[in-house]
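S.K.: Dumping the structure here so I can ask a few things about it.
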Amino acid sequence: MIKTLARSIREFKKPAILTPIFVTVEVILECIIPLIIANLVNQMQAGCSMDVIAKYGVQLVIMAALSLFFGVAAGNTCATASTGFSRNLRKDMFYAIQDYSFKNIDKFSVSSLVTRMTTDVFNVQMSFMMIIRIAIRGPLMLIFSFIMGFITGGRLALIFLFTIPLLSIGLILVIRKATPIFRRVFRKYDALNDSIQENVQAMRVVKSYVREDYEKKKFGAAAQDVCNDFTRAERIMALNNPMMQICVYAGMAFVLSFGSYLVITNKGVDVAVGQMSAILTYSFQILMSLMTLSMVFVMITMSMESAERIVEVLTEKSDLVSPNNAVKEVKDGSVDFDGVSFKYSKNAERMALENVDLHIKSGEIIGILGGTGSSKSTLIQLIPRLYDVTEGCVKVGGVDVRNYDLETLRNNVAVVLQKNVLFSGTIKDNLRWGNPNATDEEMIHACKLAQADEFIQQFPDKYDTWIEQGGANVSGGQKQRLCIARALLKKPKILILDDSTSAVDTRTDALIRRGFREFIPETTKIIIAQRIASVQDADRIIVMDGGSISAIGTHDELLKQSDIYREVYTTQNKAGDQDGNQ
């Protein structure tokens with residue numbers, strides 16, 4: 001885990017290494033200052049001149065200034081290293097997610113990934129900052145103060161041999177109790193963020209069903225659950241301070257009482273007043289170092305689970321990678337399914353697709369029809385290799401898709417989903433996702449084919465119109481047409497429409513299909529639809545049922561051969577007749 005996280009330090013290694021060096025010098029200087037003060041007190045007690053006092057004063061000023069300088073330097077390098085580390089960590093996680101296959105994404109929920117890239121990274125950043133500065137300063141201060149205490153105080157410093165082991169045992173017990181609670185609470189963070197995301201995305205549904213109170217109660221319960229666990233963990237961790245203060249203040253009380261007794265009875269022979277002041281200062285420094293160490297332990301305990309969750313994302317490897325000597329050219333848009341079976345996970349009880357044999361010629365228009373759960377979308381997701389087949393093979397242009405360079409394959413297979421996404425930016429920005437170098441003329445041509453140019457021209461800013469996140473300021477039909485235009489700009493050899501004209505009227509749907517037939521005849525077009533009218537004029541129509549191909553043929557052939565197709569056709573036409581009669 002540490003090795004994986006350390007890879008994200010990269011260009012910030014120098015400040016990460018300089019910080020402990022600066023801290024070490026700062027601590028040494030701070031531990032020398034009480035010794036100088038002790039000598040000064042002893043000299044003053046002996047009746048020294050002003051010259052001696054001035055000499056010690058200059059030494060103290062120099063020591064304090066140097067300590068301040070190295071403290072500030074350590075703070076600057078620590079801030080640079082920790083914030084840079086967190087930046088690289090987020091970037092590495094984001095890049096890793098971009099390479100995930102659908103199977104990898106299915107393993108993590110969206111809310112969990114968001115939590116890992118925000119809350120978890122912040123926790124790890126805070127721990128890293130403490131490790132390179134406070135976790136160095138605390139032990140060094142403890143060791144040097146302990147040594148200097150023995151040098152100046154002799155027998156008085158023996159009290160530290162009893163207090164430090166007691167505190168160490170206490171810290172270990174507290175951490176063992178708190179760690180499982182922190183592990184549990186971060187999982188509940190995921191559930192809380194999931195609730196927020198679901199509510200925000202479905203806000204229109206929530207309001208239309210007047211379910212605001214229900215959502216508030218659900219969120220409140222999740223938030224209270226997180227609060228309860230955090231409260232329980234913090235109560236345990238809060239035992240650090242009183243336990244530590246009892247031990248250290250008891251030690252200081254012992255030093256004061258026993259030390260004063262020695263000073264008075266021995267008249268400063270064994271222990272002088274200066275030594276007493278020094279040992280008290282070192283006692284206070286030990287207290288502060290133990291307090292900082294307890295803070296480090298608390299933060300590291302909290303962030304251990306966060307670190308493990310981050311490493312899970314970084315070490316998750318996509319099962320879909322380009323092979324060595326990958327094919328980097330797609331010859332044509334032909335598609336072949338040879339004995340294909342597929343299931344989403346190894347543990348799945350049944351195949352989502354089973355024994356699929358299908359051969360599509362380049363340039364053909366193929367319609368796919370079937371009921372909900374018939375695996376229509378699953379079938380087409382195997383073509384751009386969003387998933388790998390479980391059995392058999394899928395070929396594009398006569399080559400197994402597993403032999404292609406992934407970028408090459410997906411640039412030649414454009415998929416328009418029913419719930420495709422528009423991003424915040426202008427219409428041009430969104431269209432250029434299909435082709436970053438597309439000219440204005442190419443964008444207008446693609447939009448005309450997708451029947452989007454007409455409504456775009458009605459906007460005041462036309463193609464420079466701003467699209468809100470998710471396309472919230474355009475209708476469902478407009479969003480689908482913009483997504484179709486975006487896919488056309490890729491100039492793909494295979495165009496797949498996964499029920500992506502469901503929100504447009506039948507006239508616009510027909511115009512889109514006519515434009516495809518006339519202007520991109522060499523592109524293979526695969527259209528998944530619920531309406532028979534959307535696939536009726538296809539070269540062939542595939543009827544899916546229960547993960548298998550039930551029938552293949554033209555519209556007229558299927559009316560004679562396929563009961564499923566005939567039933568759908570009859571039902572839709574009756575509905576259309578009834579609507580027309582009304």
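Identifiers for the structure tokens are assigned positionally: chains receive A, B, ... in sequence, residues are indexed from 1 per chain, and ligands are indexed from 1 in the order shown.
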Considering only strand (DSSP E or B) as DSSP defines it on the backbone, what residues of region 354-544 of chain A qualify? List them as a compact mmCIF listing (two decimals) with C-alpha atoms, in the first residue's frame.
M.R.:
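The resulting file, states10.txt, is shown below:
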# COMPACT_ATOMS: atom_id res chain seq x y z
CA GLU A 354 -26.09 -17.54 -25.37
CA ASN A 355 -24.98 -19.18 -28.63
CA VAL A 356 -25.30 -16.06 -30.80
CA ASP A 357 -24.32 -16.51 -34.45
CA LEU A 358 -24.79 -13.37 -36.51
CA HIS A 359 -23.11 -12.02 -39.65
CA ILE A 360 -23.59 -8.39 -40.74
CA ILE A 365 -28.87 -1.44 -41.93
CA ILE A 366 -29.74 -3.83 -39.13
CA GLY A 367 -32.69 -3.41 -36.79
CA ILE A 368 -32.79 -5.10 -33.38
CA LEU A 369 -36.08 -5.64 -31.59
CA GLY A 370 -36.94 -7.42 -28.36
CA GLU A 391 -17.30 -17.79 -25.15
CA GLY A 392 -16.82 -17.46 -28.92
CA CYS A 393 -15.61 -14.28 -30.62
CA VAL A 394 -16.82 -11.03 -32.12
CA LYS A 395 -15.15 -9.81 -35.31
CA VAL A 396 -15.18 -6.35 -36.86
CA VAL A 399 -10.62 -9.28 -37.15
CA ASP A 400 -11.35 -10.43 -33.59
CA TYR A 404 -7.49 -4.43 -32.15
CA VAL A 413 -17.54 2.12 -33.75
CA ALA A 414 -19.80 4.97 -32.62
CA VAL A 415 -22.48 4.15 -30.04
CA VAL A 416 -25.39 6.48 -29.26
CA LEU A 417 -27.18 5.41 -26.09
CA GLY A 425 -20.11 23.70 -22.59
CA THR A 426 -21.33 25.03 -25.93
CA TRP A 466 -24.35 26.97 -23.73
CA ILE A 467 -25.41 23.47 -22.67
CA ILE A 494 -20.17 1.16 -37.62
CA LEU A 495 -22.91 3.36 -36.13
CA ILE A 496 -24.99 1.90 -33.31
CA LEU A 497 -28.18 3.60 -32.12
CA ASP A 498 -29.28 2.01 -28.85
CA THR A 524 -22.94 -0.20 -41.06
CA LYS A 525 -25.97 1.00 -39.10
CA ILE A 526 -27.35 -1.04 -36.19
CA ILE A 527 -30.57 0.35 -34.73
CA ILE A 528 -32.07 -0.91 -31.48
CA ARG A 540 -32.66 -7.16 -41.85
CA ILE A 541 -34.32 -7.17 -38.45
CA ILE A 542 -33.10 -9.28 -35.52
CA VAL A 543 -35.64 -10.38 -32.93
CA MET A 544 -34.07 -11.03 -29.51
S.K.: Using only C-alpha atoms, which residues sit within 6 Å of region 374-381 of chain A once same-chain residues fewer than 5 positions away are excluded, as number ranges by chain?
M.R.: A: 386, 544-547
S.K.: I need the chosen residues saved as a PDB file, in the first residue's frame, with C-alpha atoms.
M.R.:
ATOM      1  CA  LEU A 386     -16.964  -2.524 -23.759  1.00  0.00           C
ATOM      2  CA  MET A 544     -34.065 -11.026 -29.513  1.00  0.00           C
ATOM      3  CA  ASP A 545     -35.670 -13.134 -26.789  1.00  0.00           C
ATOM      4  CA  GLY A 546     -34.107 -14.227 -23.487  1.00  0.00           C
ATOM      5  CA  GLY A 547     -30.524 -13.559 -24.564  1.00  0.00           C
TER       6      GLY A 547
END
S.K.: Where does region 276-330 of chain A meet region 27-31 of chain A within 12 Å, residue by residue, with the nearest atom pair and distance in Å to one decimal for each, counting only C-alpha atoms, listed by chain and rising number, as a tab-separated table?
M.R.:
residue	atom	partner	partner_atom	distance
A:Ala278	CA	A:Cys31	CA	9.7
A:Ile279	CA	A:Cys31	CA	11.0
A:Thr281	CA	A:Cys31	CA	9.2
A:Tyr282	CA	A:Cys31	CA	7.7
A:Ser283	CA	A:Cys31	CA	11.3
A:Phe284	CA	A:Cys31	CA	11.4
A:Gln285	CA	A:Cys31	CA	8.6
A:Ile286	CA	A:Cys31	CA	10.7
A:Ser289	CA	A:Val27	CA	10.6
S.K.: Write down as a ChimeraX atom specification the residues belonging to region 319-415 of chain A that are assigned helix (DSSP H, G or I) by DSSP computed on the backbone.
M.R.: /A:376-381,401-403,406-412
S.K.: Please dump the current selection as a short mmCIF file (atom, residue, chain, number, x, y, z; two decimals), in the first residue's frame; keep N, CA and C atoms.
M.R.:
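Printed below is part08.cif as written:
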data_model
loop_
_atom_site.label_atom_id
_atom_site.label_comp_id
_atom_site.auth_asym_id
_atom_site.auth_seq_id
_atom_site.Cartn_x
_atom_site.Cartn_y
_atom_site.Cartn_z
N LYS A 376 -30.56 -6.89 -25.75
CA LYS A 376 -30.25 -6.13 -26.97
C LYS A 376 -29.02 -5.25 -26.77
N SER A 377 -29.02 -4.48 -25.67
CA SER A 377 -27.88 -3.58 -25.41
C SER A 377 -26.61 -4.36 -25.12
N THR A 378 -26.75 -5.49 -24.45
CA THR A 378 -25.58 -6.34 -24.16
C THR A 378 -24.92 -6.78 -25.46
N LEU A 379 -25.74 -7.13 -26.44
CA LEU A 379 -25.23 -7.61 -27.74
C LEU A 379 -24.35 -6.55 -28.39
N ILE A 380 -24.84 -5.32 -28.44
CA ILE A 380 -24.07 -4.29 -29.17
C ILE A 380 -22.87 -3.79 -28.36
N GLN A 381 -22.88 -3.96 -27.04
CA GLN A 381 -21.74 -3.53 -26.23
C GLN A 381 -20.50 -4.40 -26.45
N VAL A 401 -12.19 -8.57 -32.23
CA VAL A 401 -12.07 -7.26 -31.58
C VAL A 401 -10.98 -7.26 -30.49
N ARG A 402 -10.65 -8.43 -29.94
CA ARG A 402 -9.61 -8.50 -28.92
C ARG A 402 -8.21 -8.30 -29.49
N ASN A 403 -8.09 -8.32 -30.82
CA ASN A 403 -6.79 -8.11 -31.46
C ASN A 403 -6.57 -6.66 -31.89
N LEU A 406 -7.49 -0.70 -28.79
CA LEU A 406 -8.81 -0.27 -28.29
C LEU A 406 -9.23 1.09 -28.83
N GLU A 407 -8.30 2.01 -28.89
CA GLU A 407 -8.64 3.35 -29.38
C GLU A 407 -9.04 3.30 -30.84
N THR A 408 -8.33 2.51 -31.62
CA THR A 408 -8.67 2.36 -33.05
C THR A 408 -10.05 1.77 -33.21
N LEU A 409 -10.34 0.71 -32.47
CA LEU A 409 -11.64 0.05 -32.57
C LEU A 409 -12.76 1.00 -32.22
N ARG A 410 -12.62 1.68 -31.08
CA ARG A 410 -13.73 2.52 -30.60
C ARG A 410 -13.88 3.79 -31.40
N ASN A 411 -12.83 4.23 -32.07
CA ASN A 411 -12.97 5.37 -32.97
C ASN A 411 -13.73 5.01 -34.24
N ASN A 412 -13.78 3.72 -34.53
CA ASN A 412 -14.49 3.26 -35.74
C ASN A 412 -15.87 2.67 -35.43
#
S.K.: Go through A:Leu489, A:Ile564, A:Val124, A:Ala64 and flag the residue nearest Asn437 (chain A), using only C-alpha atoms for the distances.
M.R.: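 Residue with the minimum atom-to-atom distance to Asn437 (chain A): A:Leu489.
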S.K.: Fewer than 3 positions away in the same chain doesn't count, so skip those; otherwise give me all residues within 10 Å of Ala472 (chain A), counting only C-alpha atoms, as a list in words.
M.R.: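 Listed by chain and then number, they are Leu422, Phe423, Ser424, Ile467, Glu468, Gln469, Ser475, Gly476 and Lys479 of chain A.
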S.K.: For the atom pair CA of Thr4 (chain A) and CA of Leu140 (chain A), what is the interatomic distance in Å to one decimal place?
M.R.: 27.3 Å
S.K.: When distances are computed from only C-alpha atoms, which of A:Tyr214, A:Phe69, A:Phe102, A:Phe297 shows the smallest separation from Gly138 (chain A)?
M.R.: A:Phe297
S.K.: Could you please determine the separation between CA of Val41 (chain A) and CA of Pro139 (chain A) in Å, to one decimal place?
M.R.: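 Distance between the two atoms: 28.1 Å.
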